[in-house]
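Note sheet for the following structure.
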Amino acid sequence: MKRRTSRPGRRQHGAVIVTVALFMLFLLGFMGFALDYGRLFIVKTELQTAMDSCALAAAEELDGQADSIARAQSAGITAGNLNRVNLQSPTWAGQPQLTAASLTFRNAAYAITTTSAQARYAQCQHTQASIQLWLMQALGAFSGDNALFPATGSVAANAVATRASSQTTCPLPLMLRPMPGGVAPNYGFTVGQWITLLMAPGGGSGGQIGWANLDGSNSAAETEAEMSGYCGTAVGDTLGTPGVQASIADVWNYRFGIYRNSTNASEHSPDVSGYAYTELNWPSRANAFDGPTPAGAHATAQNFVAKRIAYASCADTGTRVRGANSCETITGLSLNGFQNLAAPGPAAIGGHRTHGVRSRVATVPVVNAANQVIDYACMFMLQPLSIPMSNVQLEFRGNAGVPGSPCTTSGLPGGNAGPLVPVLVR
């Protein structure tokens, strides 16, 4: 009887099938690693952007004030969660977003602190867990090895920011001359001191502070435009000395939430509080920013730190400029032509609470005899401009570059003087 033998071709066909199957499994695994870990890399990049935004926004608020950590937490959480994470998902694919636990604060020695006056660094960190893996999950189900082929993955990101001197700034179009013999950092002034801004350009005759064009020109219209926001001023720039026109009152008074009939808070954001200070309602003429209420003060009077927590308007209550307990009555100012006030209070819609920003505590260039910028002071805008135009006062709050300066940060980091701006350090 003849023995039947298998054909070599059939054995080869079977071997090829096995080889192809193993190769396909290997290829699918490679694709799974490439696709799913590529997704994890994308999510990691998105999460890092969110942490950077969180840390920068939080560090901007670390001005040493008693509520700075609370403000920093709110700013950091808001900024971080505005970013889209997990393939641009606005809800981070349903995974937990940033909370107060995501932020920690550190002092100058980089030790963790919960004291606002000591906080110098803001750290944001977060782990994005349960990121769905597509092919890896399928391979895990096919092979039964969920350890090698997990169904989900996770990524983590961390960012640390602090405040450092800026190389360019966005100051008010003013110039401050040092007191005779005054040197850095305060140039002869005292923190809390009221300084009169004369209507004449450049501080007028013998004045210490006056209007100045940041671009070096002498145009009064340019002064008004620069009040609406001008960035790029640097140490060494030469400022111009313009005349002053009445329309500057409009943009100055916007910061107090005071408007003419055609404008309102939704068009021009006010400060968080518009409460104003003059000798009439703050007789001590000093330390209105955070000092004790002086004897003889108006019944509505409190320092600005308290007023901004209450979102107080210039009139403290109500919405009109004139009348009993109005801004004019409280301060003694004449605000002819201005009819509207931003609505006060934490519950008001469309007023200081809704549209308010930090704009009344701002930087002012310090200049030498040649009107060249040598440094920056932090100044608090005390009162709106009267009509017809008259002198107005600001309160000196120290050098804008010291760690505890309450000045609004602005500009690009990298300088040796000027306001402190947020910068990533890790």
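By order of appearance in the structure tokens: chains A, B, ..., then residues from 1 within every chain, and ligands from 1 in the order shown.
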
Near segment 171-178 of chain A, counting only C-alpha atoms, which residues have an atom at most 8 Å away, once you skip same-chain residues fewer than 2 positions from it, shown as a PyMOL selection string? chain A and resi 169+180-183+187-189+202-203+208-214+223+226-227+230-231+233+239+362-369+371+377

Enumerate, as a ChimeraX atom specification, the complete set of residues in segment 350-416 of chain A that a backbone-based DSSP assignment places in alpha helix (DSSP H). /A:352-355

Contacts of segment 163-277 of chain A with segment 378-393 of chain A up to 9 Å, shortest pair per row, only C-alpha atoms, as a Markdown table:
| residue | atom | partner | partner_atom | distance |
| --- | --- | --- | --- | --- |
| A:Trp194 | CA | A:Gln393 | CA | 6.4 |
| A:Ile195 | CA | A:Gln393 | CA | 5.6 |
| A:Thr196 | CA | A:Gln393 | CA | 4.4 |
| A:Leu197 | CA | A:Val392 | CA | 5.2 |
| A:Leu198 | CA | A:Asn391 | CA | 4.9 |
| A:Met199 | CA | A:Asn391 | CA | 5.6 |
| A:Ala200 | CA | A:Asn391 | CA | 8.9 |
| A:Gln245 | CA | A:Met389 | CA | 8.3 |
| A:Ala246 | CA | A:Met389 | CA | 6.3 |
| A:Ile248 | CA | A:Leu385 | CA | 8.6 |
| A:Ala249 | CA | A:Leu385 | CA | 5.5 |
| A:Asp250 | CA | A:Leu385 | CA | 8.4 |
| A:Trp252 | CA | A:Pro384 | CA | 6.8 |
| A:Asn253 | CA | A:Pro384 | CA | 5.2 |
| A:Tyr254 | CA | A:Pro384 | CA | 8.7 |
| A:Arg255 | CA | A:Pro384 | CA | 8.3 |
| A:Phe256 | CA | A:Pro384 | CA | 6.6 |
| A:Ile258 | CA | A:Pro384 | CA | 8.1 |
| A:Gly274 | CA | A:Gln383 | CA | 8.5 |
| A:Tyr275 | CA | A:Gln383 | CA | 8.0 |
| A:Ala276 | CA | A:Gln383 | CA | 4.7 |
| A:Tyr277 | CA | A:Leu382 | CA | 5.3 |

Within 12 Å of segment 102-118 of chain A using only C-alpha atoms, minus same-chain residues under 4 positions, as a PyMOL selection string: chain A and resi 50-52+54-59+61-78+80-81+96-98+122-128+156-163+403-406+425

Given the selection you just returned, output its residues as a file containing C-alpha atoms, formatted as an mmCIF file, in the first residue's frame.
data_model
loop_
_atom_site.group_PDB
_atom_site.id
_atom_site.type_symbol
_atom_site.label_atom_id
_atom_site.label_comp_id
_atom_site.auth_asym_id
_atom_site.auth_seq_id
_atom_site.Cartn_x
_atom_site.Cartn_y
_atom_site.Cartn_z
ATOM 1 C CA ALA A 50 -3.722 74.593 31.523
ATOM 2 C CA MET A 51 -1.239 74.374 34.405
ATOM 3 C CA ASP A 52 0.882 77.176 32.922
ATOM 4 C CA CYS A 54 -3.228 78.514 36.189
ATOM 5 C CA ALA A 55 0.190 79.319 37.667
ATOM 6 C CA LEU A 56 0.594 82.605 35.761
ATOM 7 C CA ALA A 57 -2.900 83.840 36.694
ATOM 8 C CA ALA A 58 -2.391 82.875 40.343
ATOM 9 C CA ALA A 59 1.074 84.450 40.598
ATOM 10 C CA GLU A 61 -2.409 88.058 42.412
ATOM 11 C CA LEU A 62 0.414 87.468 44.912
ATOM 12 C CA ASP A 63 0.807 91.092 45.994
ATOM 13 C CA GLY A 64 1.148 90.408 49.725
ATOM 14 C CA GLN A 65 -2.313 91.700 50.596
ATOM 15 C CA ALA A 66 -4.404 89.789 53.151
ATOM 16 C CA ASP A 67 -6.690 88.301 50.493
ATOM 17 C CA SER A 68 -4.019 87.554 47.888
ATOM 18 C CA ILE A 69 -4.088 83.750 48.253
ATOM 19 C CA ALA A 70 -7.885 83.682 47.990
ATOM 20 C CA ARG A 71 -7.707 85.838 44.862
ATOM 21 C CA ALA A 72 -4.874 83.713 43.474
ATOM 22 C CA GLN A 73 -6.857 80.500 43.948
ATOM 23 C CA SER A 74 -9.871 81.956 42.183
ATOM 24 C CA ALA A 75 -7.806 83.360 39.316
ATOM 25 C CA GLY A 76 -5.757 80.184 38.891
ATOM 26 C CA ILE A 77 -8.753 77.846 38.875
ATOM 27 C CA THR A 78 -10.641 80.064 36.436
ATOM 28 C CA GLY A 80 -6.739 76.811 34.146
ATOM 29 C CA ASN A 81 -10.241 75.475 33.579
ATOM 30 C CA PRO A 96 -12.336 66.296 37.319
ATOM 31 C CA GLN A 97 -10.976 69.777 36.624
ATOM 32 C CA LEU A 98 -8.954 72.116 38.832
ATOM 33 C CA ALA A 122 2.120 79.717 42.912
ATOM 34 C CA GLN A 123 2.211 76.026 42.008
ATOM 35 C CA CYS A 124 -0.515 74.302 39.998
ATOM 36 C CA GLN A 125 -0.487 70.525 39.552
ATOM 37 C CA HIS A 126 -3.071 68.064 38.325
ATOM 38 C CA THR A 127 -3.394 64.471 37.136
ATOM 39 C CA GLN A 128 -5.779 63.707 34.289
ATOM 40 C CA ALA A 156 0.186 64.673 35.063
ATOM 41 C CA ALA A 157 1.428 68.237 34.690
ATOM 42 C CA ASN A 158 2.929 70.818 37.016
ATOM 43 C CA ALA A 159 3.793 74.526 36.728
ATOM 44 C CA VAL A 160 5.272 77.101 39.103
ATOM 45 C CA ALA A 161 5.172 80.870 38.577
ATOM 46 C CA THR A 162 6.277 83.942 40.487
ATOM 47 C CA ARG A 163 6.430 87.687 39.835
ATOM 48 C CA PRO A 403 7.290 92.188 46.205
ATOM 49 C CA GLY A 404 4.408 93.608 48.240
ATOM 50 C CA SER A 405 3.337 96.216 45.682
ATOM 51 C CA PRO A 406 -0.443 96.270 45.125
ATOM 52 C CA VAL A 425 9.996 79.375 36.716
#

Determine, counting only C-alpha atoms, which protein, DNA and RNA residues have an atom within 9 Å of an atom of Ser273 of chain A; residues of the same chain fewer than 5 positions away are not included. Present the result as number ranges by chain. A: 255-257, 304, 307-314, 344, 352-353, 356-358, 360
